[in-house]
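Chemist: My structure is stored as start.cif, with mmCIF, N, CA and C atoms.
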```
data_start
loop_
_atom_site.label_atom_id
_atom_site.label_comp_id
_atom_site.auth_asym_id
_atom_site.auth_seq_id
_atom_site.Cartn_x
_atom_site.Cartn_y
_atom_site.Cartn_z
N MET A 187 0.85 -1.17 0.00
CA MET A 187 0.00 0.00 0.00
C MET A 187 0.90 1.24 0.00
N PRO A 188 0.64 2.21 -0.89
CA PRO A 188 1.50 3.40 -0.94
C PRO A 188 1.32 4.27 0.29
N LYS A 189 2.40 4.88 0.66
CA LYS A 189 2.39 5.77 1.82
C LYS A 189 1.67 7.07 1.45
N PRO A 190 0.72 7.54 2.28
CA PRO A 190 0.02 8.79 1.95
C PRO A 190 0.98 9.97 1.98
N LYS A 191 0.74 10.90 1.08
CA LYS A 191 1.60 12.08 1.00
C LYS A 191 1.31 13.02 2.16
N ARG A 192 2.36 13.59 2.70
CA ARG A 192 2.21 14.58 3.77
C ARG A 192 1.73 15.89 3.15
N ARG A 193 0.73 16.47 3.73
CA ARG A 193 0.20 17.73 3.23
C ARG A 193 1.14 18.85 3.63
N ARG A 194 1.60 19.60 2.67
CA ARG A 194 2.54 20.69 2.95
C ARG A 194 1.78 21.91 3.45
N SER A 195 2.44 22.66 4.31
CA SER A 195 1.80 23.87 4.82
C SER A 195 1.77 24.93 3.73
N THR A 196 1.00 25.97 3.95
CA THR A 196 0.87 27.04 2.97
C THR A 196 2.21 27.72 2.74
N LYS A 197 3.02 27.83 3.79
CA LYS A 197 4.30 28.51 3.66
C LYS A 197 5.28 27.70 2.81
N GLU A 198 5.14 26.37 2.79
CA GLU A 198 6.03 25.56 1.97
C GLU A 198 5.66 25.65 0.50
N ARG A 199 4.38 25.85 0.20
CA ARG A 199 3.95 26.04 -1.18
C ARG A 199 4.22 27.48 -1.57
N LEU A 200 4.16 27.75 -2.85
CA LEU A 200 4.34 29.11 -3.30
C LEU A 200 3.05 29.88 -2.99
N MET A 201 3.09 30.65 -1.93
CA MET A 201 1.93 31.41 -1.49
C MET A 201 1.67 32.54 -2.48
N PRO A 202 0.42 32.87 -2.76
CA PRO A 202 0.15 33.99 -3.66
C PRO A 202 0.83 35.27 -3.15
N PHE A 203 1.32 36.06 -4.09
CA PHE A 203 2.13 37.23 -3.74
C PHE A 203 1.36 38.20 -2.85
N ARG A 204 0.10 38.48 -3.17
CA ARG A 204 -0.70 39.41 -2.36
C ARG A 204 -0.86 38.91 -0.93
N GLN A 205 -1.00 37.60 -0.78
CA GLN A 205 -1.13 37.04 0.57
C GLN A 205 0.20 37.16 1.33
N GLN A 206 1.32 36.98 0.62
CA GLN A 206 2.62 37.16 1.25
C GLN A 206 2.78 38.60 1.74
N VAL A 207 2.41 39.56 0.89
CA VAL A 207 2.52 40.97 1.26
C VAL A 207 1.66 41.27 2.49
N ALA A 208 0.43 40.75 2.50
CA ALA A 208 -0.47 41.00 3.63
C ALA A 208 0.07 40.39 4.92
N ARG A 209 0.60 39.16 4.85
CA ARG A 209 1.14 38.52 6.05
C ARG A 209 2.37 39.25 6.59
N ILE A 210 3.26 39.67 5.69
CA ILE A 210 4.47 40.36 6.13
C ILE A 210 4.12 41.73 6.70
N LYS A 211 3.15 42.42 6.09
CA LYS A 211 2.71 43.72 6.60
C LYS A 211 2.10 43.56 7.99
N GLN A 212 1.29 42.49 8.18
CA GLN A 212 0.70 42.22 9.49
C GLN A 212 1.79 41.87 10.50
N TYR A 213 2.79 41.11 10.09
CA TYR A 213 3.90 40.73 10.96
C TYR A 213 4.62 41.98 11.45
N LEU A 214 4.87 42.93 10.53
CA LEU A 214 5.57 44.16 10.91
C LEU A 214 4.70 45.04 11.81
N SER A 215 3.41 45.14 11.48
CA SER A 215 2.53 46.00 12.29
C SER A 215 2.34 45.43 13.70
N ASN A 216 2.36 44.11 13.84
CA ASN A 216 2.26 43.49 15.17
C ASN A 216 3.48 43.81 16.03
N ARG A 217 4.59 44.15 15.39
CA ARG A 217 5.81 44.49 16.11
C ARG A 217 6.05 45.99 16.18
N GLY A 218 5.03 46.77 15.82
CA GLY A 218 5.10 48.22 15.98
C GLY A 218 5.79 48.94 14.85
N ILE A 219 5.96 48.30 13.70
CA ILE A 219 6.59 48.95 12.56
C ILE A 219 5.50 49.26 11.54
N SER A 220 5.28 50.53 11.29
CA SER A 220 4.27 50.90 10.29
C SER A 220 4.97 51.04 8.94
N SER A 221 4.39 50.44 7.93
CA SER A 221 4.96 50.51 6.59
C SER A 221 3.83 50.44 5.57
N ARG A 222 4.12 51.02 4.42
CA ARG A 222 3.13 50.97 3.35
C ARG A 222 3.37 49.71 2.53
N ILE A 223 2.31 49.25 1.87
CA ILE A 223 2.42 48.04 1.07
C ILE A 223 3.42 48.25 -0.07
N GLY A 224 3.40 49.39 -0.71
CA GLY A 224 4.33 49.67 -1.80
C GLY A 224 5.78 49.61 -1.35
N GLU A 225 6.01 50.03 -0.12
CA GLU A 225 7.36 50.01 0.43
C GLU A 225 7.82 48.56 0.65
N ILE A 226 6.93 47.71 1.10
CA ILE A 226 7.27 46.31 1.34
C ILE A 226 7.49 45.59 0.01
N GLU A 227 6.63 45.87 -0.97
CA GLU A 227 6.71 45.18 -2.26
C GLU A 227 8.03 45.45 -2.98
N ASP A 228 8.66 46.59 -2.71
CA ASP A 228 9.93 46.92 -3.37
C ASP A 228 11.03 45.93 -3.01
N TYR A 229 10.93 45.31 -1.84
CA TYR A 229 11.97 44.40 -1.38
C TYR A 229 11.61 42.93 -1.59
N MET A 230 10.44 42.67 -2.18
CA MET A 230 9.96 41.30 -2.36
C MET A 230 9.97 40.92 -3.83
N SER A 231 9.95 39.62 -4.08
CA SER A 231 9.87 39.10 -5.44
C SER A 231 8.73 38.09 -5.52
N PRO A 232 7.88 38.16 -6.55
CA PRO A 232 6.79 37.19 -6.66
C PRO A 232 7.26 35.76 -6.92
N ASP A 233 8.52 35.60 -7.31
CA ASP A 233 9.05 34.26 -7.62
C ASP A 233 9.57 33.54 -6.39
N LEU A 234 9.72 34.23 -5.26
CA LEU A 234 10.28 33.62 -4.05
C LEU A 234 9.19 33.09 -3.13
N HIS A 235 9.58 32.20 -2.24
CA HIS A 235 8.67 31.68 -1.23
C HIS A 235 8.48 32.71 -0.12
N TYR A 236 7.49 32.47 0.71
CA TYR A 236 7.14 33.39 1.80
C TYR A 236 8.33 33.63 2.73
N ASP A 237 8.98 32.56 3.17
CA ASP A 237 10.09 32.71 4.12
C ASP A 237 11.24 33.52 3.53
N GLU A 238 11.52 33.32 2.25
CA GLU A 238 12.60 34.06 1.60
C GLU A 238 12.26 35.55 1.51
N ASN A 239 11.02 35.86 1.12
CA ASN A 239 10.59 37.26 1.05
C ASN A 239 10.57 37.90 2.43
N LYS A 240 10.12 37.15 3.44
CA LYS A 240 10.05 37.68 4.80
C LYS A 240 11.46 38.00 5.31
N THR A 241 12.41 37.13 5.04
CA THR A 241 13.78 37.36 5.46
C THR A 241 14.35 38.61 4.80
N ALA A 242 14.06 38.80 3.50
CA ALA A 242 14.56 39.97 2.78
C ALA A 242 13.98 41.26 3.37
N VAL A 243 12.69 41.27 3.66
CA VAL A 243 12.05 42.47 4.22
C VAL A 243 12.56 42.75 5.63
N LEU A 244 12.71 41.70 6.44
CA LEU A 244 13.19 41.90 7.81
C LEU A 244 14.63 42.42 7.83
N ASP A 245 15.45 41.99 6.87
CA ASP A 245 16.81 42.52 6.78
C ASP A 245 16.81 44.01 6.52
N VAL A 246 15.88 44.46 5.67
CA VAL A 246 15.80 45.89 5.35
C VAL A 246 15.39 46.70 6.60
N PHE A 247 14.46 46.15 7.38
CA PHE A 247 13.98 46.86 8.57
C PHE A 247 14.86 46.59 9.80
N GLY A 248 15.95 45.85 9.64
CA GLY A 248 16.88 45.63 10.74
C GLY A 248 16.39 44.65 11.78
N MET A 249 15.60 43.68 11.36
CA MET A 249 15.10 42.67 12.29
C MET A 249 15.67 41.31 11.90
N ARG A 250 15.64 40.38 12.84
CA ARG A 250 16.08 39.01 12.57
C ARG A 250 14.89 38.09 12.71
N MET A 251 15.00 36.93 12.04
CA MET A 251 13.92 35.95 12.11
C MET A 251 13.86 35.28 13.49
N GLY A 252 15.00 35.02 14.12
CA GLY A 252 15.01 34.24 15.35
C GLY A 252 15.17 35.08 16.60
N HIS A 253 14.24 35.95 16.91
CA HIS A 253 14.33 36.72 18.15
C HIS A 253 13.37 36.14 19.17
N ARG A 254 13.51 36.56 20.41
CA ARG A 254 12.64 36.08 21.47
C ARG A 254 11.25 36.67 21.33
N TYR A 255 10.26 35.83 21.49
CA TYR A 255 8.88 36.25 21.35
C TYR A 255 8.28 36.66 22.69
N THR A 256 7.40 37.65 22.65
CA THR A 256 6.57 37.93 23.80
C THR A 256 5.40 36.95 23.77
N ASP A 257 4.56 36.98 24.79
CA ASP A 257 3.41 36.08 24.82
C ASP A 257 2.49 36.30 23.64
N VAL A 258 2.24 37.56 23.31
CA VAL A 258 1.34 37.89 22.20
C VAL A 258 1.93 37.41 20.88
N GLU A 259 3.22 37.65 20.67
CA GLU A 259 3.87 37.24 19.43
C GLU A 259 3.88 35.72 19.30
N ALA A 260 4.12 35.02 20.40
CA ALA A 260 4.12 33.56 20.37
C ALA A 260 2.73 33.04 20.03
N PHE A 261 1.70 33.64 20.62
CA PHE A 261 0.34 33.22 20.32
C PHE A 261 0.00 33.50 18.86
N ILE A 262 0.38 34.66 18.34
CA ILE A 262 0.10 35.00 16.95
C ILE A 262 0.79 34.01 16.01
N ALA A 263 2.03 33.67 16.29
CA ALA A 263 2.75 32.70 15.46
C ALA A 263 2.07 31.34 15.50
N GLN A 264 1.64 30.92 16.68
CA GLN A 264 0.96 29.63 16.82
C GLN A 264 -0.38 29.65 16.10
N ALA A 265 -1.11 30.74 16.22
CA ALA A 265 -2.41 30.84 15.56
C ALA A 265 -2.26 30.89 14.04
N GLN A 266 -1.23 31.57 13.54
CA GLN A 266 -1.02 31.60 12.10
C GLN A 266 -0.63 30.23 11.58
N MET A 267 0.13 29.47 12.35
CA MET A 267 0.45 28.10 11.93
C MET A 267 -0.81 27.25 11.86
N ARG A 268 -1.71 27.42 12.84
CA ARG A 268 -2.98 26.68 12.83
C ARG A 268 -3.82 27.11 11.64
N ASP A 269 -3.82 28.40 11.32
CA ASP A 269 -4.59 28.89 10.19
C ASP A 269 -4.02 28.36 8.88
N ASP A 270 -2.70 28.19 8.80
CA ASP A 270 -2.06 27.67 7.59
C ASP A 270 -2.39 26.21 7.35
N GLU A 271 -2.79 25.48 8.38
CA GLU A 271 -3.16 24.08 8.22
C GLU A 271 -4.50 23.93 7.51
N ARG A 272 -5.30 24.96 7.51
CA ARG A 272 -6.60 24.91 6.84
C ARG A 272 -6.42 25.02 5.34
N SER A 273 -7.42 24.63 4.58
CA SER A 273 -7.31 24.71 3.12
C SER A 273 -7.28 26.18 2.69
N GLU A 274 -6.71 26.42 1.51
CA GLU A 274 -6.62 27.80 1.03
C GLU A 274 -8.01 28.38 0.81
N HIS A 275 -8.93 27.56 0.36
CA HIS A 275 -10.31 28.03 0.13
C HIS A 275 -10.94 28.50 1.44
N ALA A 276 -10.76 27.71 2.49
CA ALA A 276 -11.32 28.09 3.80
C ALA A 276 -10.67 29.37 4.31
N GLN A 277 -9.36 29.51 4.10
CA GLN A 277 -8.67 30.72 4.55
C GLN A 277 -9.18 31.95 3.82
N LEU A 278 -9.33 31.86 2.50
CA LEU A 278 -9.77 33.02 1.72
C LEU A 278 -11.19 33.44 2.09
N ILE A 279 -12.07 32.47 2.26
CA ILE A 279 -13.45 32.80 2.62
C ILE A 279 -13.49 33.41 4.02
N ASP A 280 -12.77 32.83 4.96
CA ASP A 280 -12.78 33.32 6.33
C ASP A 280 -12.13 34.70 6.44
N TYR A 281 -11.14 34.97 5.60
CA TYR A 281 -10.44 36.26 5.67
C TYR A 281 -11.31 37.40 5.17
N ARG A 282 -12.25 37.10 4.29
CA ARG A 282 -13.11 38.15 3.72
C ARG A 282 -14.32 38.47 4.58
N LYS A 283 -14.68 37.57 5.49
CA LYS A 283 -15.85 37.77 6.34
C LYS A 283 -15.39 37.95 7.78
N ARG A 284 -16.15 38.69 8.52
CA ARG A 284 -15.83 38.88 9.94
C ARG A 284 -16.95 38.26 10.76
N ALA A 285 -16.58 37.39 11.68
CA ALA A 285 -17.56 36.73 12.53
C ALA A 285 -18.10 37.72 13.57
N ILE A 286 -19.22 37.38 14.15
CA ILE A 286 -19.81 38.22 15.19
C ILE A 286 -18.90 38.26 16.41
N HIS A 287 -18.26 37.11 16.72
CA HIS A 287 -17.33 37.03 17.85
C HIS A 287 -15.92 37.24 17.33
N THR A 288 -15.42 38.46 17.44
CA THR A 288 -14.08 38.80 16.96
C THR A 288 -13.29 39.38 18.12
N TRP A 289 -12.04 38.88 18.28
CA TRP A 289 -11.21 39.31 19.39
C TRP A 289 -9.85 39.75 18.89
N THR A 290 -9.17 40.55 19.71
CA THR A 290 -7.77 40.88 19.44
C THR A 290 -6.91 39.80 20.10
N PRO A 291 -5.65 39.65 19.68
CA PRO A 291 -4.80 38.65 20.32
C PRO A 291 -4.64 38.86 21.83
N ARG A 292 -4.61 40.12 22.26
CA ARG A 292 -4.47 40.38 23.71
C ARG A 292 -5.70 39.91 24.48
N GLU A 293 -6.90 40.10 23.91
CA GLU A 293 -8.12 39.63 24.57
C GLU A 293 -8.11 38.11 24.69
N VAL A 294 -7.63 37.45 23.66
CA VAL A 294 -7.59 35.98 23.68
C VAL A 294 -6.62 35.48 24.75
N LEU A 295 -5.48 36.16 24.91
CA LEU A 295 -4.52 35.72 25.92
C LEU A 295 -5.02 35.96 27.34
N LYS A 296 -5.86 36.96 27.53
CA LYS A 296 -6.41 37.21 28.86
C LYS A 296 -7.43 36.14 29.24
N ASP A 297 -8.17 35.63 28.25
CA ASP A 297 -9.17 34.59 28.49
C ASP A 297 -8.87 33.42 27.56
N LEU A 298 -8.21 32.40 28.08
CA LEU A 298 -7.76 31.28 27.24
C LEU A 298 -8.90 30.41 26.74
N SER A 299 -10.09 30.54 27.30
CA SER A 299 -11.22 29.79 26.76
C SER A 299 -11.55 30.28 25.34
N LYS A 300 -11.30 31.57 25.07
CA LYS A 300 -11.50 32.10 23.72
C LYS A 300 -10.51 31.46 22.75
N ALA A 301 -9.29 31.24 23.21
CA ALA A 301 -8.29 30.59 22.35
C ALA A 301 -8.72 29.16 22.03
N ASP A 302 -9.23 28.43 23.02
CA ASP A 302 -9.70 27.07 22.77
C ASP A 302 -10.85 27.07 21.76
N ARG A 303 -11.77 28.02 21.92
CA ARG A 303 -12.90 28.08 20.98
C ARG A 303 -12.41 28.38 19.57
N TRP A 304 -11.45 29.30 19.42
CA TRP A 304 -10.96 29.63 18.07
C TRP A 304 -10.19 28.46 17.47
N PHE A 305 -9.33 27.80 18.27
CA PHE A 305 -8.56 26.67 17.74
C PHE A 305 -9.47 25.52 17.31
N ASN A 306 -10.58 25.32 18.01
CA ASN A 306 -11.50 24.25 17.64
C ASN A 306 -12.43 24.63 16.49
N PHE A 307 -12.85 25.89 16.43
CA PHE A 307 -13.79 26.34 15.40
C PHE A 307 -13.31 27.66 14.79
N PRO A 308 -12.24 27.66 13.98
CA PRO A 308 -11.73 28.93 13.43
C PRO A 308 -12.69 29.59 12.43
N ASN A 309 -13.66 28.85 11.92
CA ASN A 309 -14.61 29.45 10.99
C ASN A 309 -15.72 30.22 11.72
N ARG A 310 -15.95 29.96 13.00
CA ARG A 310 -17.02 30.63 13.75
C ARG A 310 -16.54 31.83 14.54
N PHE A 311 -15.24 31.89 14.84
CA PHE A 311 -14.67 32.98 15.61
C PHE A 311 -13.51 33.57 14.84
N ASP A 312 -13.19 34.84 15.09
CA ASP A 312 -12.10 35.50 14.39
C ASP A 312 -11.17 36.19 15.38
N ILE A 313 -9.91 36.22 15.02
CA ILE A 313 -8.90 36.96 15.76
C ILE A 313 -8.31 37.98 14.79
N VAL A 314 -8.36 39.24 15.16
CA VAL A 314 -7.88 40.30 14.29
C VAL A 314 -6.40 40.10 13.99
N GLY A 315 -6.05 40.14 12.71
CA GLY A 315 -4.68 39.96 12.29
C GLY A 315 -4.32 38.53 11.96
N ILE A 316 -5.17 37.59 12.34
CA ILE A 316 -4.91 36.18 12.02
C ILE A 316 -5.79 35.75 10.86
N ASP A 317 -7.08 35.85 11.03
CA ASP A 317 -7.97 35.37 9.98
C ASP A 317 -9.06 36.37 9.60
N VAL A 318 -8.83 37.63 9.89
CA VAL A 318 -9.78 38.66 9.46
C VAL A 318 -9.05 39.99 9.35
N LYS A 319 -9.47 40.81 8.40
CA LYS A 319 -8.89 42.14 8.25
C LYS A 319 -9.35 43.00 9.41
N ALA A 320 -8.58 44.00 9.73
CA ALA A 320 -8.89 44.83 10.91
C ALA A 320 -10.12 45.71 10.71
N GLY A 321 -10.43 46.14 9.49
CA GLY A 321 -11.49 47.11 9.30
C GLY A 321 -12.85 46.57 8.93
N LEU A 322 -13.02 45.26 8.79
CA LEU A 322 -14.31 44.71 8.38
C LEU A 322 -15.32 44.78 9.51
N LYS A 323 -16.56 45.03 9.14
CA LYS A 323 -17.64 45.01 10.13
C LYS A 323 -18.30 43.63 10.08
N PRO A 324 -18.81 43.15 11.21
CA PRO A 324 -19.42 41.82 11.21
C PRO A 324 -20.71 41.81 10.40
N LYS A 325 -20.92 40.69 9.71
CA LYS A 325 -22.16 40.53 8.96
C LYS A 325 -23.14 39.80 9.86
N ARG A 326 -24.24 40.44 10.10
CA ARG A 326 -25.30 39.82 10.92
C ARG A 326 -26.48 39.48 10.02
N LYS A 327 -27.18 38.49 10.42
CA LYS A 327 -28.36 38.11 9.66
C LYS A 327 -29.44 39.16 9.86
N ALA A 328 -30.12 39.48 8.78
CA ALA A 328 -31.20 40.47 8.86
C ALA A 328 -32.38 39.86 9.60
N ARG A 329 -32.92 40.61 10.52
CA ARG A 329 -34.08 40.14 11.28
C ARG A 329 -35.35 40.60 10.56
N ARG A 330 -36.27 39.69 10.46
CA ARG A 330 -37.54 40.03 9.82
C ARG A 330 -38.63 40.07 10.88
N ASN A 331 -39.47 41.04 10.74
CA ASN A 331 -40.61 41.12 11.65
C ASN A 331 -41.67 40.13 11.20
N LYS A 332 -42.11 39.33 12.13
CA LYS A 332 -43.14 38.33 11.80
C LYS A 332 -44.49 39.01 11.77
N LYS A 333 -45.23 38.69 10.73
CA LYS A 333 -46.59 39.23 10.63
C LYS A 333 -47.53 38.30 11.37
N LYS A 334 -48.46 38.90 12.11
CA LYS A 334 -49.40 38.11 12.89
C LYS A 334 -50.72 38.00 12.19
#
```
Please re-express this file's structure in structure tokens.

Modeler:
Amino acid sequence: MPKPKRRRSTKERLMPFRQQVARIKQYLSNRGISSRIGEIEDYMSPDLHYDENKTAVLDVFGMRMGHRYTDVEAFIAQAQMRDDERSEHAQLIDYRKRAIHTWTPREVLKDLSKADRWFNFPNRFDIVGIDVKAGLKPKRKARRNKKK
């Protein structure tokens, strides 16, 4: 019987360039570095993998890949790895919609039950910067008045 193939993470595959730019921009903003997308794109190449582009951008901003993480940074890295395990289709759909229950990484670290809920059901809950854009408003179902 043939051995099943190991599913590669999103970072091992050639990630779409726009997604690479968004992830690296989020990585920098989480560390307090504000930068424009055009500024980041100047140092990146669409032909390279995510890790190679990230290393090139971090070199420009004077950062290293292997520094000590704070609790928030460690949680964000762990949550992004969990998000990368999901299919690309699920990631794209989830990134465009904002769930009613949306938290910041700091809120999740204060209440670890929120982290458990997100890790078990990432499609029902969102963490800003991991699986949802910061400016989206939640979509709620329209309520209809029942006629009597």

Chemist: Using Å and a single decimal, report how far CA of Gln212 in chain A sits from atom N of Glu271 in chain A.

Modeler: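 Between atom N of Glu271 in chain A and CA of Gln212 in chain A the gap is 17.1 Å.
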
Chemist: Could you give me the residues within range 267-331 of chain A that DSSP places in alpha helix (DSSP H), as a ChimeraX atom specification?

Modeler: /A:267-270,274-282,291-296,298-306

Chemist: Could you save the residues just selected, with N, CA and C atoms, as an mmCIF file, in the frame of the given file?

Modeler:
```
data_model
loop_
_atom_site.group_PDB
_atom_site.id
_atom_site.type_symbol
_atom_site.label_atom_id
_atom_site.label_comp_id
_atom_site.auth_asym_id
_atom_site.auth_seq_id
_atom_site.Cartn_x
_atom_site.Cartn_y
_atom_site.Cartn_z
ATOM 1 N N MET A 267 0.130 29.470 12.350
ATOM 2 C CA MET A 267 0.450 28.100 11.930
ATOM 3 C C MET A 267 -0.810 27.250 11.860
ATOM 4 N N ARG A 268 -1.710 27.420 12.840
ATOM 5 C CA ARG A 268 -2.980 26.680 12.830
ATOM 6 C C ARG A 268 -3.820 27.110 11.640
ATOM 7 N N ASP A 269 -3.820 28.400 11.320
ATOM 8 C CA ASP A 269 -4.590 28.890 10.190
ATOM 9 C C ASP A 269 -4.020 28.360 8.880
ATOM 10 N N ASP A 270 -2.700 28.190 8.800
ATOM 11 C CA ASP A 270 -2.060 27.670 7.590
ATOM 12 C C ASP A 270 -2.390 26.210 7.350
ATOM 13 N N GLU A 274 -6.710 26.420 1.510
ATOM 14 C CA GLU A 274 -6.620 27.800 1.030
ATOM 15 C C GLU A 274 -8.010 28.380 0.810
ATOM 16 N N HIS A 275 -8.930 27.560 0.360
ATOM 17 C CA HIS A 275 -10.310 28.030 0.130
ATOM 18 C C HIS A 275 -10.940 28.500 1.440
ATOM 19 N N ALA A 276 -10.760 27.710 2.490
ATOM 20 C CA ALA A 276 -11.320 28.090 3.800
ATOM 21 C C ALA A 276 -10.670 29.370 4.310
ATOM 22 N N GLN A 277 -9.360 29.510 4.100
ATOM 23 C CA GLN A 277 -8.670 30.720 4.550
ATOM 24 C C GLN A 277 -9.180 31.950 3.820
ATOM 25 N N LEU A 278 -9.330 31.860 2.500
ATOM 26 C CA LEU A 278 -9.770 33.020 1.720
ATOM 27 C C LEU A 278 -11.190 33.440 2.090
ATOM 28 N N ILE A 279 -12.070 32.470 2.260
ATOM 29 C CA ILE A 279 -13.450 32.800 2.620
ATOM 30 C C ILE A 279 -13.490 33.410 4.020
ATOM 31 N N ASP A 280 -12.770 32.830 4.960
ATOM 32 C CA ASP A 280 -12.780 33.320 6.330
ATOM 33 C C ASP A 280 -12.130 34.700 6.440
ATOM 34 N N TYR A 281 -11.140 34.970 5.600
ATOM 35 C CA TYR A 281 -10.440 36.260 5.670
ATOM 36 C C TYR A 281 -11.310 37.400 5.170
ATOM 37 N N ARG A 282 -12.250 37.100 4.290
ATOM 38 C CA ARG A 282 -13.110 38.150 3.720
ATOM 39 C C ARG A 282 -14.320 38.470 4.580
ATOM 40 N N PRO A 291 -5.650 39.650 19.680
ATOM 41 C CA PRO A 291 -4.800 38.650 20.320
ATOM 42 C C PRO A 291 -4.640 38.860 21.830
ATOM 43 N N ARG A 292 -4.610 40.120 22.260
ATOM 44 C CA ARG A 292 -4.470 40.380 23.710
ATOM 45 C C ARG A 292 -5.700 39.910 24.480
ATOM 46 N N GLU A 293 -6.900 40.100 23.910
ATOM 47 C CA GLU A 293 -8.120 39.630 24.570
ATOM 48 C C GLU A 293 -8.110 38.110 24.690
ATOM 49 N N VAL A 294 -7.630 37.450 23.660
ATOM 50 C CA VAL A 294 -7.590 35.980 23.680
ATOM 51 C C VAL A 294 -6.620 35.480 24.750
ATOM 52 N N LEU A 295 -5.480 36.160 24.910
ATOM 53 C CA LEU A 295 -4.520 35.720 25.920
ATOM 54 C C LEU A 295 -5.020 35.960 27.340
ATOM 55 N N LYS A 296 -5.860 36.960 27.530
ATOM 56 C CA LYS A 296 -6.410 37.210 28.860
ATOM 57 C C LYS A 296 -7.430 36.140 29.240
ATOM 58 N N LEU A 298 -8.210 32.400 28.080
ATOM 59 C CA LEU A 298 -7.760 31.280 27.240
ATOM 60 C C LEU A 298 -8.900 30.410 26.740
ATOM 61 N N SER A 299 -10.090 30.540 27.300
ATOM 62 C CA SER A 299 -11.220 29.790 26.760
ATOM 63 C C SER A 299 -11.550 30.280 25.340
ATOM 64 N N LYS A 300 -11.300 31.570 25.070
ATOM 65 C CA LYS A 300 -11.500 32.100 23.720
ATOM 66 C C LYS A 300 -10.510 31.460 22.750
ATOM 67 N N ALA A 301 -9.290 31.240 23.210
ATOM 68 C CA ALA A 301 -8.290 30.590 22.350
ATOM 69 C C ALA A 301 -8.720 29.160 22.030
ATOM 70 N N ASP A 302 -9.230 28.430 23.020
ATOM 71 C CA ASP A 302 -9.700 27.070 22.770
ATOM 72 C C ASP A 302 -10.850 27.070 21.760
ATOM 73 N N ARG A 303 -11.770 28.020 21.920
ATOM 74 C CA ARG A 303 -12.900 28.080 20.980
ATOM 75 C C ARG A 303 -12.410 28.380 19.570
ATOM 76 N N TRP A 304 -11.450 29.300 19.420
ATOM 77 C CA TRP A 304 -10.960 29.630 18.070
ATOM 78 C C TRP A 304 -10.190 28.460 17.470
ATOM 79 N N PHE A 305 -9.330 27.800 18.270
ATOM 80 C CA PHE A 305 -8.560 26.670 17.740
ATOM 81 C C PHE A 305 -9.470 25.520 17.310
ATOM 82 N N ASN A 306 -10.580 25.320 18.010
ATOM 83 C CA ASN A 306 -11.500 24.250 17.640
ATOM 84 C C ASN A 306 -12.430 24.630 16.490
#
```

Chemist: For the strand (DSSP E) assignment from backbone DSSP, which residues of range 196-321 of chain A qualify? Please present them as a list in words.

Modeler: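 Output for range 196-321 of chain A, strand (DSSP E) only: His287, Thr288, Trp289, Phe311, Asp312 and Ile313 of chain A.
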
Chemist: Which residues, named as in the file, does the PyMOL selection byres ((chain A and resi 277-285) around 5) pick out? Answer as a PyMOL selection string.

Modeler: chain A and resi 273-276+286-288+317-318+324-325

Chemist: Between A:Ile219, A:Leu244, A:Ala265, A:Met230, which one has atoms that come closest to Ile313 in chain A, using only C-alpha atoms?

Modeler: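 Closest to Ile313 in chain A of all the choices is A:Ala265.
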
Chemist: So the first atom is atom N of Asp269 in chain A and the second is atom N of Phe203 in chain A; what is the distance between them in Å, to one decimal place?

Modeler: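 Straight-line distance from atom N of Asp269 in chain A to atom N of Phe203 in chain A works out to 18.0 Å.
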
Chemist: Let me make sure I understand: among A:Glu259, A:Asn309, A:Lys296, A:Asn239, which one has the smallest atom-to-atom distance to Arg272 in chain A if we use only C-alpha atoms?

Modeler: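 Looking only at the distances to Arg272 in chain A, the closest residue turns out to be A:Asn309.
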
Chemist: Which value, in Å to one decimal, gives the distance between atom C of Trp289 in chain A and CA of Ser221 in chain A?

Modeler: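 CA of Ser221 in chain A lies 22.1 Å from atom C of Trp289 in chain A.
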
Chemist: Quick one: apply the PyMOL selection byres (((chain A and resi 223-229 and name CA) around 12) and name CA) to the file and drop the selected residues here as a PyMOL selection string.

Modeler: chain A and resi 203-215+219-222+230-232+234+238-247

Chemist: Could you tell me which of A:Asp270, A:Asp312, A:Asp257, A:Asp237 comes closest to Leu295 in chain A if we count only N, CA and C atoms?

Modeler: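 Residue with the minimum atom-to-atom distance to Leu295 in chain A: A:Asp257.
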